[in-house]
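Colleague: Here it is, the structure in full.
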Amino acid sequence: MKYRTLGRSGLRVSCLGLGTRGTFGAGISDEVLTAAYDSGVTLFDVTEASGRAEELLGEVLRSKGWRRSSYVITTRVFLGGQADWSLSRKQVLEGLQGSLQRLQLDYVDVIFAGPRPGPAHTEELVRVMSDVIERGLALYWGTAGGAPGDVMDTFAVARQFNLVAPVCQWAELPPEPRLFRQLGLGAVTWAPVASGPALEEELLPHGRPIGKAMGRQQPLKVGDLQTLAQRLGCSVSQLGIAWSLRAEGVSSVLVGAETPQVLQEQLQALQVLPNLSPTTLQELDSLLGAAAPP
């Protein structure tokens with residue numbers, strides 16, 4: 001496993017993290033989570049809207065007795081989640097406290113929030129995130145799903161009022177480069193292609209349809225990638241993960257696996273990364289990068 005810092009923070013995370021979907025199903029969560037941890041995965045991502053996933057993760061973590069410093073937990077409050085539709089101070093605090101109870105933890109390492117409900121509420125969101133960190137309920141915070149301009153506005157508000165600024169973003173591929181270059185925000189994202197026999201029908205780790213999550217009007221034709229994957233001696237899923245890892249500003253790419261075998265197959269994407277030549281990357285960008293929203 002390889003590790004990267006989360007943006008310009010000092011927090012080191014595994015460059016491949018474990019997402020919610022296909023991981024915390026009945027009867028397999030312990031097995032997959034253990035396989036991930038034993039393989040060096042340190043980042044485990046959930047959302048407060050998936051309460052059952054948080055409960056299962058909390059139960060496994062408690063039963064394993066792993067050192068708290070050996071793993072990173074990220075969760076997300078967002079419009080339409082259990083935090084309702086406002087992302088107000090009340091909703092964020094209640095949503096996070098509910099997550100902590102289900103996870104059986106005193107704090108999460110990173111809390112993502114967004115997209116912001118509107119410019120008028122940006123200051124309130126930044127203030128409650130600062131309070132969350134000062135109280136020790138979370139160590140860092142990041143934006144989620146916002147347009148680049150909104151994220152930059154959020155960062156500016158934090159600086160204006162001397163509040164805690166975000167250090168990362170929960171973002172679709174490819175992340176906006178200027179958010180990393182100018183603000184140092186690391187991206188937690190996910191691969192554009194899931195694993196499984198029916199790739200064009202599969203969902204991403206957080207339930208987003210393949211291809212459409214990056215702005216495509218139609219699902220990605222996996223056949224377009226198969227020839228390239230065969231040339232590199234890897235699977236289409238591994239190729240998509242490797243392409244995601246080389247995007248500027250990406251700190252960790254989330255994967256989702258139903259079995260330890262699928263998980264190990266996805267982790268092998270790290271072996272593909274050094275084989276992505278400039279020519280190969282250009283081909284991949286034409287197939288995957290062009291699908292990204294402007």
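Naming scheme: A, B, ... for chains in displayed order of the structure tokens; residues 1 onward per chain; ligands 1 onward as shown.
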Mind the document's chain letters and residue numbers, and return as a list of chain:residue names the residues of stretch 214-276 of chain A that DSSP labels strand (DSSP E or B).

Modeller: A:Val250, A:Ser251, A:Ser252, A:Val253, A:Leu254, A:Val255

Colleague: Emit the selected residues as an mmCIF file, in the first residue's frame, including C-alpha atoms.

Modeller:
```
data_model
loop_
_atom_site.group_PDB
_atom_site.id
_atom_site.type_symbol
_atom_site.label_atom_id
_atom_site.label_comp_id
_atom_site.auth_asym_id
_atom_site.auth_seq_id
_atom_site.Cartn_x
_atom_site.Cartn_y
_atom_site.Cartn_z
ATOM 1 C CA VAL A 250 -6.075 13.105 -5.315
ATOM 2 C CA SER A 251 -5.242 11.905 -1.809
ATOM 3 C CA SER A 252 -7.278 8.694 -1.784
ATOM 4 C CA VAL A 253 -9.511 6.745 -4.165
ATOM 5 C CA LEU A 254 -12.417 4.845 -2.635
ATOM 6 C CA VAL A 255 -13.173 1.286 -3.685
#
```

Colleague: Residues at most 7 Å from A:Pro115, counting only C-alpha atoms, excluding those fewer than 3 positions away in the same chain, as a list in words?

Modeller: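 My list of contacting residues is Phe78, Leu79, Ala144, Gly145 and Gly146 of chain A.
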
Colleague: Could you name the residues that touch A:Tyr37 at 10 Å or less, counting only C-alpha atoms, but leaving out those on the same chain fewer than 3 positions away, as JSON, numbers by chain?

Modeller: {"A": [17, 18, 32, 33, 34, 40, 41, 42, 43, 44, 66, 70, 71]}

Colleague: Applying 7 Å and only C-alpha atoms, which residues near A:Val46 remain after dropping the ones on its own chain fewer than 2 positions away? List them as a PyMOL selection string.

Modeller: chain A and resi 19-20+44+48+53-54+74-76

Colleague: Produce a file of the selected residues containing N, CA, C and O atoms, as a PDB file, in the first residue's frame.

Modeller:
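Written out: part12.pdb:
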```pdb
ATOM      1  N   GLY A  19     -14.832   2.249   0.624  1.00  0.00           N
ATOM      2  CA  GLY A  19     -16.094   2.970   0.634  1.00  0.00           C
ATOM      3  C   GLY A  19     -17.222   2.131   1.191  1.00  0.00           C
ATOM      4  O   GLY A  19     -17.042   0.963   1.569  1.00  0.00           O
ATOM      5  N   THR A  20     -18.420   2.699   1.213  1.00  0.00           N
ATOM      6  CA  THR A  20     -19.553   2.061   1.876  1.00  0.00           C
ATOM      7  C   THR A  20     -20.177   0.941   1.072  1.00  0.00           C
ATOM      8  O   THR A  20     -20.355  -0.171   1.546  1.00  0.00           O
ATOM      9  N   PHE A  44     -11.401   4.553   5.917  1.00  0.00           N
ATOM     10  CA  PHE A  44     -12.711   3.919   5.795  1.00  0.00           C
ATOM     11  C   PHE A  44     -13.763   5.023   5.767  1.00  0.00           C
ATOM     12  O   PHE A  44     -13.864   5.822   6.698  1.00  0.00           O
ATOM     13  N   GLU A  48     -23.418   9.698   7.075  1.00  0.00           N
ATOM     14  CA  GLU A  48     -24.417   9.623   8.136  1.00  0.00           C
ATOM     15  C   GLU A  48     -25.791   9.243   7.610  1.00  0.00           C
ATOM     16  O   GLU A  48     -26.663   8.847   8.379  1.00  0.00           O
ATOM     17  N   ALA A  53     -24.644   1.131   7.781  1.00  0.00           N
ATOM     18  CA  ALA A  53     -23.229   0.936   7.462  1.00  0.00           C
ATOM     19  C   ALA A  53     -22.354   1.430   8.602  1.00  0.00           C
ATOM     20  O   ALA A  53     -21.354   0.803   8.957  1.00  0.00           O
ATOM     21  N   GLU A  54     -22.731   2.560   9.195  1.00  0.00           N
ATOM     22  CA  GLU A  54     -21.966   3.079  10.329  1.00  0.00           C
ATOM     23  C   GLU A  54     -22.042   2.122  11.518  1.00  0.00           C
ATOM     24  O   GLU A  54     -21.039   1.891  12.210  1.00  0.00           O
ATOM     25  N   THR A  74     -13.780   8.628   7.885  1.00  0.00           N
ATOM     26  CA  THR A  74     -14.386   9.832   7.318  1.00  0.00           C
ATOM     27  C   THR A  74     -15.888   9.599   7.187  1.00  0.00           C
ATOM     28  O   THR A  74     -16.336   8.502   6.865  1.00  0.00           O
ATOM     29  N   THR A  75     -16.657  10.641   7.467  1.00  0.00           N
ATOM     30  CA  THR A  75     -18.105  10.569   7.301  1.00  0.00           C
ATOM     31  C   THR A  75     -18.583  11.866   6.660  1.00  0.00           C
ATOM     32  O   THR A  75     -17.822  12.830   6.540  1.00  0.00           O
ATOM     33  N   ARG A  76     -19.832  11.886   6.260  1.00  0.00           N
ATOM     34  CA  ARG A  76     -20.325  13.036   5.497  1.00  0.00           C
ATOM     35  C   ARG A  76     -21.747  13.377   5.911  1.00  0.00           C
ATOM     36  O   ARG A  76     -22.596  12.493   6.046  1.00  0.00           O
TER      37      ARG A  76
END
```

Colleague: Closest to A:Gly223 among A:Leu287, A:Leu281, A:Leu267, A:Leu87, using only C-alpha atoms?

Modeller: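 Among A:Leu287, A:Leu281, A:Leu267, A:Leu87, it is A:Leu287 that comes nearest to A:Gly223.
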